[in-house]
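Reviewing the structure listed below.
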2 protein chains.
Amino acid sequence: MKHINDYIETHKDRFLDELFGLLRIPSVSAIADHKPDMYRAAEYWKNLLLEAGADRAEVYETPGNPVTYGEKIINPALPTVLVYGHMDVMPADPLEKWNTPPFEPEIRDGKIWGRGADDDKGQGMMHAKAFELMVKTGTLPCNVKFMIEGEEEIGSAHLGKWCAEHREMLKSDIIVVSDTSMIAPDIPSITTGLRGLAYWQVEVTGPCRDLHSGLFGGAVANPINVLCKMIAQMTDENGKITIPGFYDDVQEVSPEERAMLARAPFNLENYKKALGLEEVSGEAGFTTTERTGIRPTFDLCGIWGGYTGEGTKTVLPSKAFAKISCRLVPHQDHEKIAELFKTHFESIAPETVTVEVTPLHGGQSYVCPIDLPAYKAAEKAYREVYGKLPVPTRSGGSIPIISTFEQVLGVKSVLMGFGLESDAIHSPNENFPLEQFFNGIRTIPLFYKYFAENLKS
Amino acid sequence: MKHINDYIETHKDRFLDELFGLLRIPSVSAIADHKPDMYRAAEYWKNLLLEAGADRAEVYETPGNPVTYGEKIINPALPTVLVYGHMDVMPADPLEKWNTPPFEPEIRDGKIWGRGADDDKGQGMMHAKAFELMVKTGTLPCNVKFMIEGEEEIGSAHLGKWCAEHREMLKSDIIVVSDTSMIAPDIPSITTGLRGLAYWQVEVTGPCRDLHSGLFGGAVANPINVLCKMIAQMTDENGKITIPGFYDDVQEVSPEERAMLARAPFNLENYKKALGLEEVSGEAGFTTTERTGIRPTFDLCGIWGGYTGEGTKTVLPSKAFAKISCRLVPHQDHEKIAELFKTHFESIAPETVTVEVTPLHGGQSYVCPIDLPAYKAAEKAYREVYGKLPVPTRSGGSIPIISTFEQVLGVKSVLMGFGLESDAIHSPNENFPLEQFFNGIRTIPLFYKYFAENLKS
C-alpha cells in the first residue's frame, strides 16, 4: 500500500488538474451542438492514456460519438482487464440551480464540484491515474485495455455494434466499471445489480392549432388535460403500473433474498431529510430499498405544452408532450416493454386526440454473481482501503451497455463504484468528495493485484 | 351611407398604413421586457386620436401599463359614447408556427396578418377611423370618449382602479367595445354574454432537488406524475368539474333559452374539420355551442417540468408546474371559485409532495340585455351594412373588465365585434379580413347615429 499512497501524495495536484481539464469540456451527448466537445473529450482521453503509459491509444469513429480506445499489453499470457467508462455527461440544466457554473470545476468543502465530477469523468479518471500509478511504479500485474465511450447518457446507441466489430481487440477476462455508488464512506458496497431502462417521448395532439381557450374551451379536447388523464391511468392507487403484461417477466425476489437485502444499512428518516420529503412513495408492499433495487418504475422525466412563460396566456394548446421512462428489473425485456407501453398508451387515448409514441432508448438489466473471482478480488481491495468488507447491493440505476457487453463480448462486468448518494449526479451541483476520488485510485491497483493473483493461481 | 363609403374609399390605404404602424409595435403585456413597447403603443394611440379630431388625448400612468384617454365633447347636453379597446397583445409564441413574422404585418389573400390584426388593434383601429370619418364629414352626432388600455390580455389589473379614480371624466351613456367576433360575414351576430375567468399557476414539489431517476425512481414521488394525477381528478368521466361547490352558482339556462341559442347556425362537421378534430369533447348533456356559451370550463393553458430538451435525460425532477384556467358563467364569482379551487387542489395533494397555488387573474362574466337601446342601435347598424338582422350570441371568451365597468362606472357595454372564428386570435397566424375591417368602419358611424337619435327621442 505504501507505494500507492506515496505516488498519490506526490502527484495529487496534477491528478486534479488533469481531471479539471476534462470537466471543463461540456461534452453533453444529449445536445447535438456539443458534438465538437465530444471530440475534444475523446482526444483528451487519448492523451491521458498515452501519458499514463499505454502502448497505443486511438479515437475511433462511430456513426454517433467517438470512442477512445487504449491498451498496454505487457504479456499476452497474463490476464486482461478491460476498463469501461464514458466521457459524456448529462445536460446541466436547470443552470440557475448551480451554485457555481457546471463546467467551471472547483474544490470546496473537500469536494470537487462540476457536471461529471462523479458521473463519469471523476470515476473514469481514477482508472486512468491508477493505471499510471501501476505503470510508473512497475506494479502493473496484467494487461489493460480502456474503452471510453461518448454516448452512455443517451443509451450507448452505437457501442454495441462497435464492440461486435472489435471483438478481437477487446478480448479480456473481466470488464471493470466505476459508474455506480457505494452506501457511504464508512459503509463500502459493490453494486451487483442494475435496472434496465425504456424511454419514450409521447406527443398528444388535440386541435390542429392553438386555440383561444374562451372561444373553444369546454368544447374541444385540451391535449394537456388529456395527457394528464392518460398518465394518471398508467399507475394505480397502489403504485402498480397498469400496462397489461408489464409485470409478466419481472424476477420475483425470494423472501430469503429480500431479507438479505434488508440487512444493508438504511435510515428512512435520514433519507427523507436528505431529499426534503415529508413522506416517501411507491409500490405498495415493498420497502424503499426494494422499490429502487428490485422493482420496475414508471416516471415522467419531462412534460411540456401550452404557454410556459411569464404571467398568463389563455390558450387551448394544440399539443402536449412528455418524456417517460421505465426502469426495468431482471428478465424484463426492454423491447417487449416498449411494445406493451406503446400499445397500451395508444389504446387509452380518447378519440378526441391523436397520440404519437417515439421510443428514445432502452437497455436490459444486469446481475453480477457475488461468487465471481473478479467480485471476490474487488471485495478484498475495498476491504483493504475502507477497513470493512463491502456489502453487495442492487442499484436502481441503469447502465444498459453492461448487459450488452455480456451478450456481445461474453465477458462479465464488476461494478467498482465510488460515488455517494450525495454526489447529485444528473442534478445541479454534481460533486465528488476528494476522499472518494483518491480512495478509488488506492483501491483499483489492489483489485488488479488480487484479480491477477487469483487468475494465475 | 354614401358619405361613409366615399370617405373610406379615399382614405383606405392610409387607414391600413396607420394600422400597420400599430401592429409593428410588439406590445406584449405578459412579458415585462416589452414595457417600453407599451408606452410606444400608448403614444401611437394618443396621436391617432388627436389626428382624428379629439379635443385632447393623453397617456395616463397606472401602477402597471399606461392607458390612453382621448375625448371630443361637441355638446355636453348630447349623449356620450365611451369607446373601450386595448393596445396590448398576446405573446406570439410558438414563433415557428407563423407563416410570416408576427410583428411584420402584411396583406395576403384579402386579409391582414399579424399579432393583434384582430385582437384588438385591428378592431380598435376601426373605432379610431370611424371617429375620424364622423369628425371630418361633420356627422358626429354625440360626444365621444376613448379609453384604450394596456393590460387586457393579462387581466386588466389596474384599469378598474383607474376608472374609479376618473369616474367623472369617464361619464358616458354607453360603452362600446369591439373585441369579440361574429358568426360569419353572411351571418352577422352580436355577443350578448361573456364568460368570466379564473387563472392560477400551480407548483408541485417532490424532492428538494432533481434526482437520478434510476437511483431514486420508484421510491420518491415524481412531481410530474403527481401533478398529472391531481389534474386528472379535477374533471370526471362526464366532463364535469369535481371541485366541490363549483357549480353551486352556475346560472342554469332554461330549456326555452337553450332552444333559442340552438337556432344560431352551427355545423359540427365544418367545426371539426376547421380544427382538425376527429371528435369534439366536453361536458355530457350539452351541445358544442352550449359548452362554450353557457357552461364553465377547466383547461390547462400550460404545463412544464423536468427535462424538455432534445433527446433523453433520465431525471426525477424536483418540481412540476401548470397554468390552469376556468371560464365561468353568470353568477359564478371568480374570487369564490379561486378559493374553492385552491382549497380542493391542496386537499387532493398526497403528503409526498407540497403544493403551491398562485392566483394570476380573474374576472366576472357579463350579460348585455337585448332590449337595451344601445343594443337596438347596434342591431340596426349591422342590418344596414350586412343586410341581415344580427343574431344575439353568447361568447365563450372573457373580457373581465366589462363587468368591472358596470360595477365601477354604472354603465352597460355593447359588444360590437367584427372578428371571425378563423382569425386565429391568441394563436399563430392571427389575421383579420379586410372586408370585416372596413365593414366595421361602416357600421360604427351608423350605430352612433341610431344611438344618438334613440336617446334624443
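Scheme for the C-alpha cells: letters A, B, ... for chains in order shown; per-chain residue numbers from 1; ligand numbers from 1 in order shown.
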
Among segment 63-152 of chain B, which ones does DSSP assign to alpha helix (DSSP H) (computed from the backbone)? Answer as a JSON list (two decimals) with C-alpha atoms, in the first residue's frame.
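What ended up in states-v1.json:
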[["chain", "number", "residue", "atom", "x", "y", "z"],
["B", 121, "LYS", "CA", -55.51, 46.54, -32.71],
["B", 122, "GLY", "CA", -57.49, 45.92, -35.89],
["B", 123, "GLN", "CA", -60.85, 46.20, -34.14],
["B", 124, "GLY", "CA", -59.68, 49.18, -32.09],
["B", 125, "MET", "CA", -58.48, 50.98, -35.23],
["B", 126, "MET", "CA", -61.99, 50.68, -36.75],
["B", 127, "HIS", "CA", -63.22, 52.96, -33.96],
["B", 128, "ALA", "CA", -60.41, 55.48, -34.41],
["B", 129, "LYS", "CA", -61.11, 55.67, -38.13],
["B", 130, "ALA", "CA", -64.91, 55.74, -37.77],
["B", 131, "PHE", "CA", -64.45, 58.61, -35.29],
["B", 132, "GLU", "CA", -62.19, 60.44, -37.77],
["B", 133, "LEU", "CA", -64.76, 59.84, -40.52],
["B", 134, "MET", "CA", -67.59, 61.34, -38.45],
["B", 135, "VAL", "CA", -65.47, 64.34, -37.43],
["B", 136, "LYS", "CA", -64.13, 65.08, -40.91]]

- Distance query segment 330-340 of chain B at most 8 Å, only C-alpha atoms, self and fewer than 2 positions along chain excluded, as a PyMOL selection string: chain B and resi 195-198+243-247+249-251+328+342-344+359+362-367

- Item | strand (DSSP E or B) residues, from DSSP on the backbone, in segment 299-420 of chain A, as a ChimeraX atom specification | /A:299-306,315-316,319-328,354-363,366-367,391-394,413-415,419

Please write the residues from the selection above to a file, keeping N, CA and C atoms, as a CSV table (one decimal), in the first residue's frame.
chain,number,residue,atom,x,y,z
A,299,ASP,N,-41.8,6.6,-14.5
A,299,ASP,CA,-41.5,8.0,-14.1
A,299,ASP,C,-41.6,9.0,-15.3
A,300,LEU,N,-42.2,10.1,-15.1
A,300,LEU,CA,-42.1,11.2,-16.1
A,300,LEU,C,-40.8,11.9,-15.9
A,301,CYS,N,-40.0,12.0,-16.9
A,301,CYS,CA,-38.7,12.7,-16.8
A,301,CYS,C,-38.9,14.1,-17.3
A,302,GLY,N,-40.0,14.4,-18.1
A,302,GLY,CA,-40.3,15.8,-18.5
A,302,GLY,C,-41.7,15.9,-19.1
A,303,ILE,N,-42.2,17.1,-19.0
A,303,ILE,CA,-43.6,17.3,-19.6
A,303,ILE,C,-43.6,18.7,-20.1
A,304,TRP,N,-44.3,19.0,-21.2
A,304,TRP,CA,-44.4,20.4,-21.6
A,304,TRP,C,-45.6,20.5,-22.6
A,305,GLY,N,-46.1,21.7,-22.6
A,305,GLY,CA,-47.2,22.0,-23.6
A,305,GLY,C,-47.8,23.4,-23.2
A,306,GLY,N,-48.4,24.1,-24.2
A,306,GLY,CA,-49.0,25.3,-24.0
A,306,GLY,C,-48.1,26.4,-23.6
A,315,VAL,N,-54.8,30.0,-23.4
A,315,VAL,CA,-54.7,29.3,-24.7
A,315,VAL,C,-55.1,27.9,-24.5
A,316,LEU,N,-55.8,27.3,-25.5
A,316,LEU,CA,-56.1,25.9,-25.5
A,316,LEU,C,-55.1,25.3,-26.5
A,319,LYS,N,-50.9,21.0,-28.8
A,319,LYS,CA,-50.1,19.8,-28.5
A,319,LYS,C,-49.6,19.7,-27.0
A,320,ALA,N,-49.4,18.6,-26.5
A,320,ALA,CA,-48.7,18.4,-25.2
A,320,ALA,C,-47.7,17.2,-25.4
A,321,PHE,N,-46.6,17.3,-24.7
A,321,PHE,CA,-45.5,16.3,-24.8
A,321,PHE,C,-45.1,15.8,-23.5
A,322,ALA,N,-44.6,14.6,-23.5
A,322,ALA,CA,-43.9,14.1,-22.2
A,322,ALA,C,-42.8,13.2,-22.6
A,323,LYS,N,-41.8,13.1,-21.7
A,323,LYS,CA,-40.7,12.2,-21.8
A,323,LYS,C,-40.9,11.2,-20.6
A,324,ILE,N,-41.1,9.9,-20.9
A,324,ILE,CA,-41.5,8.9,-20.0
A,324,ILE,C,-40.4,7.8,-19.9
A,325,SER,N,-40.1,7.4,-18.7
A,325,SER,CA,-39.1,6.3,-18.6
A,325,SER,C,-39.6,5.2,-17.6
A,326,CYS,N,-39.3,4.0,-17.9
A,326,CYS,CA,-39.5,2.9,-17.0
A,326,CYS,C,-38.1,2.3,-16.7
A,327,ARG,N,-37.8,2.1,-15.4
A,327,ARG,CA,-36.7,1.3,-15.0
A,327,ARG,C,-37.2,-0.2,-15.0
A,328,LEU,N,-36.4,-1.1,-15.5
A,328,LEU,CA,-36.8,-2.5,-15.6
A,328,LEU,C,-35.9,-3.4,-14.7
A,354,THR,N,-55.0,12.7,-31.1
A,354,THR,CA,-54.2,11.7,-31.7
A,354,THR,C,-52.9,11.6,-30.9
A,355,VAL,N,-52.3,10.4,-30.9
A,355,VAL,CA,-51.2,10.2,-30.0
A,355,VAL,C,-50.0,9.6,-30.8
A,356,GLU,N,-48.8,10.1,-30.5
A,356,GLU,CA,-47.6,9.5,-31.2
A,356,GLU,C,-46.6,9.1,-30.1
A,357,VAL,N,-46.2,7.9,-30.2
A,357,VAL,CA,-45.2,7.4,-29.2
A,357,VAL,C,-43.9,7.1,-29.9
A,358,THR,N,-42.8,7.7,-29.5
A,358,THR,CA,-41.5,7.5,-30.1
A,358,THR,C,-40.5,6.9,-29.1
A,359,PRO,N,-40.1,5.7,-29.3
A,359,PRO,CA,-39.1,5.1,-28.3
A,359,PRO,C,-37.8,5.9,-28.5
A,360,LEU,N,-37.1,6.3,-27.4
A,360,LEU,CA,-35.9,7.0,-27.5
A,360,LEU,C,-34.7,6.2,-27.1
A,361,HIS,N,-34.8,5.4,-26.1
A,361,HIS,CA,-33.7,4.3,-26.0
A,361,HIS,C,-34.1,3.3,-24.9
A,362,GLY,N,-33.3,2.3,-24.8
A,362,GLY,CA,-33.7,1.2,-23.9
A,362,GLY,C,-32.4,0.3,-23.7
A,363,GLY,N,-32.5,-0.4,-22.6
A,363,GLY,CA,-31.4,-1.3,-22.3
A,363,GLY,C,-31.8,-2.4,-21.3
A,366,TYR,N,-29.0,-6.0,-15.4
A,366,TYR,CA,-27.7,-6.8,-15.3
A,366,TYR,C,-27.6,-7.3,-13.9
A,367,VAL,N,-27.1,-8.5,-13.7
A,367,VAL,CA,-26.7,-9.0,-12.4
A,367,VAL,C,-25.3,-9.6,-12.4
A,391,VAL,N,-20.6,-4.4,1.2
A,391,VAL,CA,-21.9,-5.1,1.1
A,391,VAL,C,-22.3,-5.1,-0.4
A,392,PRO,N,-22.8,-6.3,-0.8
A,392,PRO,CA,-23.4,-6.3,-2.2
A,392,PRO,C,-24.7,-5.6,-2.2
A,393,THR,N,-25.0,-4.7,-3.2
A,393,THR,CA,-26.3,-4.0,-3.3
A,393,THR,C,-26.8,-4.0,-4.7
A,394,ARG,N,-28.1,-3.9,-4.8
A,394,ARG,CA,-28.7,-3.7,-6.1
A,394,ARG,C,-29.0,-2.3,-6.4
A,413,SER,N,-19.0,-8.0,-16.1
A,413,SER,CA,-18.5,-6.7,-15.5
A,413,SER,C,-18.6,-6.7,-14.0
A,414,VAL,N,-17.6,-6.1,-13.4
A,414,VAL,CA,-17.7,-5.8,-12.0
A,414,VAL,C,-17.7,-4.3,-11.8
A,415,LEU,N,-18.7,-3.9,-10.9
A,415,LEU,CA,-19.1,-2.5,-10.8
A,415,LEU,C,-18.4,-1.9,-9.6
A,419,GLY,N,-18.9,6.5,-6.1
A,419,GLY,CA,-19.8,7.6,-5.9
A,419,GLY,C,-20.6,7.5,-4.6

- Task: Determine, counting only C-alpha atoms, which protein, DNA and RNA residues have an atom within 6 Å of an atom of Pro105 of chain A; residues of the same chain fewer than 2 positions away are not included. Present the result as a list in words.
- Result: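 Within the cut-off, the hits are Phe103, Trp113 and Gly114 of chain A.
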
- Message: Given only C-alpha atoms as the basis, pick out the residue of A:Ala184, A:Ile148, A:Leu194, A:Ala377 nearest to chain B.
- Response: A:Leu194

- Task: Fewer than 3 positions away in the same chain doesn't count, so skip those; otherwise give me all residues within 6 Å of Ala42 of chain B, counting only C-alpha atoms, as a list in words.
- Result: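 Those residues are Tyr39, Trp45 and Thr68 of chain B.
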
Just to be explicit: take each residue in the selection above, keep N, CA and C atoms, and write the result as a PDB file, in the first residue's frame.
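Dumped to part.pdb:
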ATOM      1  N   TYR B  39     -45.508  51.736 -23.912  1.00  0.00           N
ATOM      2  CA  TYR B  39     -45.519  53.203 -23.984  1.00  0.00           C
ATOM      3  C   TYR B  39     -45.530  53.685 -25.432  1.00  0.00           C
ATOM      4  N   TRP B  45     -51.461  55.628 -29.983  1.00  0.00           N
ATOM      5  CA  TRP B  45     -52.910  55.832 -29.856  1.00  0.00           C
ATOM      6  C   TRP B  45     -53.254  57.298 -29.587  1.00  0.00           C
ATOM      7  N   THR B  68     -54.373  55.129 -22.634  1.00  0.00           N
ATOM      8  CA  THR B  68     -54.534  56.333 -23.450  1.00  0.00           C
ATOM      9  C   THR B  68     -55.999  56.751 -23.395  1.00  0.00           C
TER      10      THR B  68
END

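Near Pro433 of chain A, within 10 Å and counting only C-alpha atoms, sit Ile107, Arg108, Asp109, Gly110, Lys111, Ile112, Trp113, Ala117, Asp118, Gly122, Pro185, Phe418, Gly419, Leu420, Ser422, Asp423, Phe437, Phe438 and Asn439 of chain A; same-chain residues fewer than 4 positions away were not included.
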
For the residues in the current selection, export C-alpha atoms as an mmCIF file, in the first residue's frame.
data_model
loop_
_atom_site.group_PDB
_atom_site.id
_atom_site.type_symbol
_atom_site.label_atom_id
_atom_site.label_comp_id
_atom_site.auth_asym_id
_atom_site.auth_seq_id
_atom_site.Cartn_x
_atom_site.Cartn_y
_atom_site.Cartn_z
ATOM 1 C CA ILE A 107 -12.890 22.420 -4.961
ATOM 2 C CA ARG A 108 -14.973 23.472 -1.960
ATOM 3 C CA ASP A 109 -15.573 21.734 1.356
ATOM 4 C CA GLY A 110 -13.416 18.777 0.412
ATOM 5 C CA LYS A 111 -15.376 18.062 -2.752
ATOM 6 C CA ILE A 112 -14.909 18.503 -6.492
ATOM 7 C CA TRP A 113 -17.903 20.413 -7.955
ATOM 8 C CA ALA A 117 -17.290 15.333 -11.235
ATOM 9 C CA ASP A 118 -18.597 11.870 -10.335
ATOM 10 C CA GLY A 122 -14.223 11.726 -11.902
ATOM 11 C CA PRO A 185 -17.677 6.263 3.041
ATOM 12 C CA PHE A 418 -17.009 5.073 -5.515
ATOM 13 C CA GLY A 419 -19.822 7.609 -5.902
ATOM 14 C CA LEU A 420 -22.029 8.658 -2.991
ATOM 15 C CA SER A 422 -24.983 12.976 -2.081
ATOM 16 C CA ASP A 423 -22.985 13.445 -5.302
ATOM 17 C CA PHE A 437 -11.608 10.081 -5.659
ATOM 18 C CA PHE A 438 -8.283 9.232 -4.006
ATOM 19 C CA ASN A 439 -9.633 6.099 -2.309
#

- Task: Give me the residues within 9 Å of Ala219 of chain B as a ChimeraX atom specification, counting only C-alpha atoms and dropping any in the same chain fewer than 3 places off.
- Result: /A:280-283,287-292,297 /B:215-216

- Message: Give me, as a PyMOL selection string, all polymer residues having an atom no more than 12 Å from Lys229 of chain B, counting only C-alpha atoms and skipping those fewer than 4 positions away in the same chain.
- Response: (chain A and resi 225-237+239+300) or (chain B and resi 204+221-225+233-235+345+348-350)

- Query: With only C-alpha atoms as the basis for distance, which of B:Pro101, B:Pro400, B:Pro445, B:Gly293 is at the shortest distance from chain A?
  - Reply: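 Among B:Pro101, B:Pro400, B:Pro445, B:Gly293, it is B:Gly293 that comes nearest to chain A.
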
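Note that the spacing between atom CA of Pro317 of chain A and atom CA of Arg209 of chain A amounts to 7.1 Å.
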
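With only C-alpha atoms as the atoms that count, the minimum distance from Met416 of chain B to the choices B:Lys380, B:Lys161, B:Arg24, B:His212 is reached by B:Lys380.
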
- Which one of B:Thr62, B:Ser213, B:Thr242, B:Ser403 sits closest to chain A if you count only C-alpha atoms? B:Ser213

- Task: For each of A:Asp173, A:Glu351, A:Asp6, A:Glu71, take the minimum atom-to-atom distance to chain B, counting only C-alpha atoms, then give the residue where this is smallest.
- Result: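 Nearest to chain B: A:Glu351.
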
- Item | Residue among B:Gly217, B:Leu48, B:Ala57, B:Arg258 lying closest to Phe298 of chain A, counting only C-alpha atoms | B:Gly217

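Counting from atom CA of Ala381 of chain B, the distance to atom CA of Lys449 of chain B is 8.7 Å.
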
- What is the distance between atom CA of Leu82 of chain B and atom CA of Val144 of chain B, in Å to one decimal? 6.0 Å
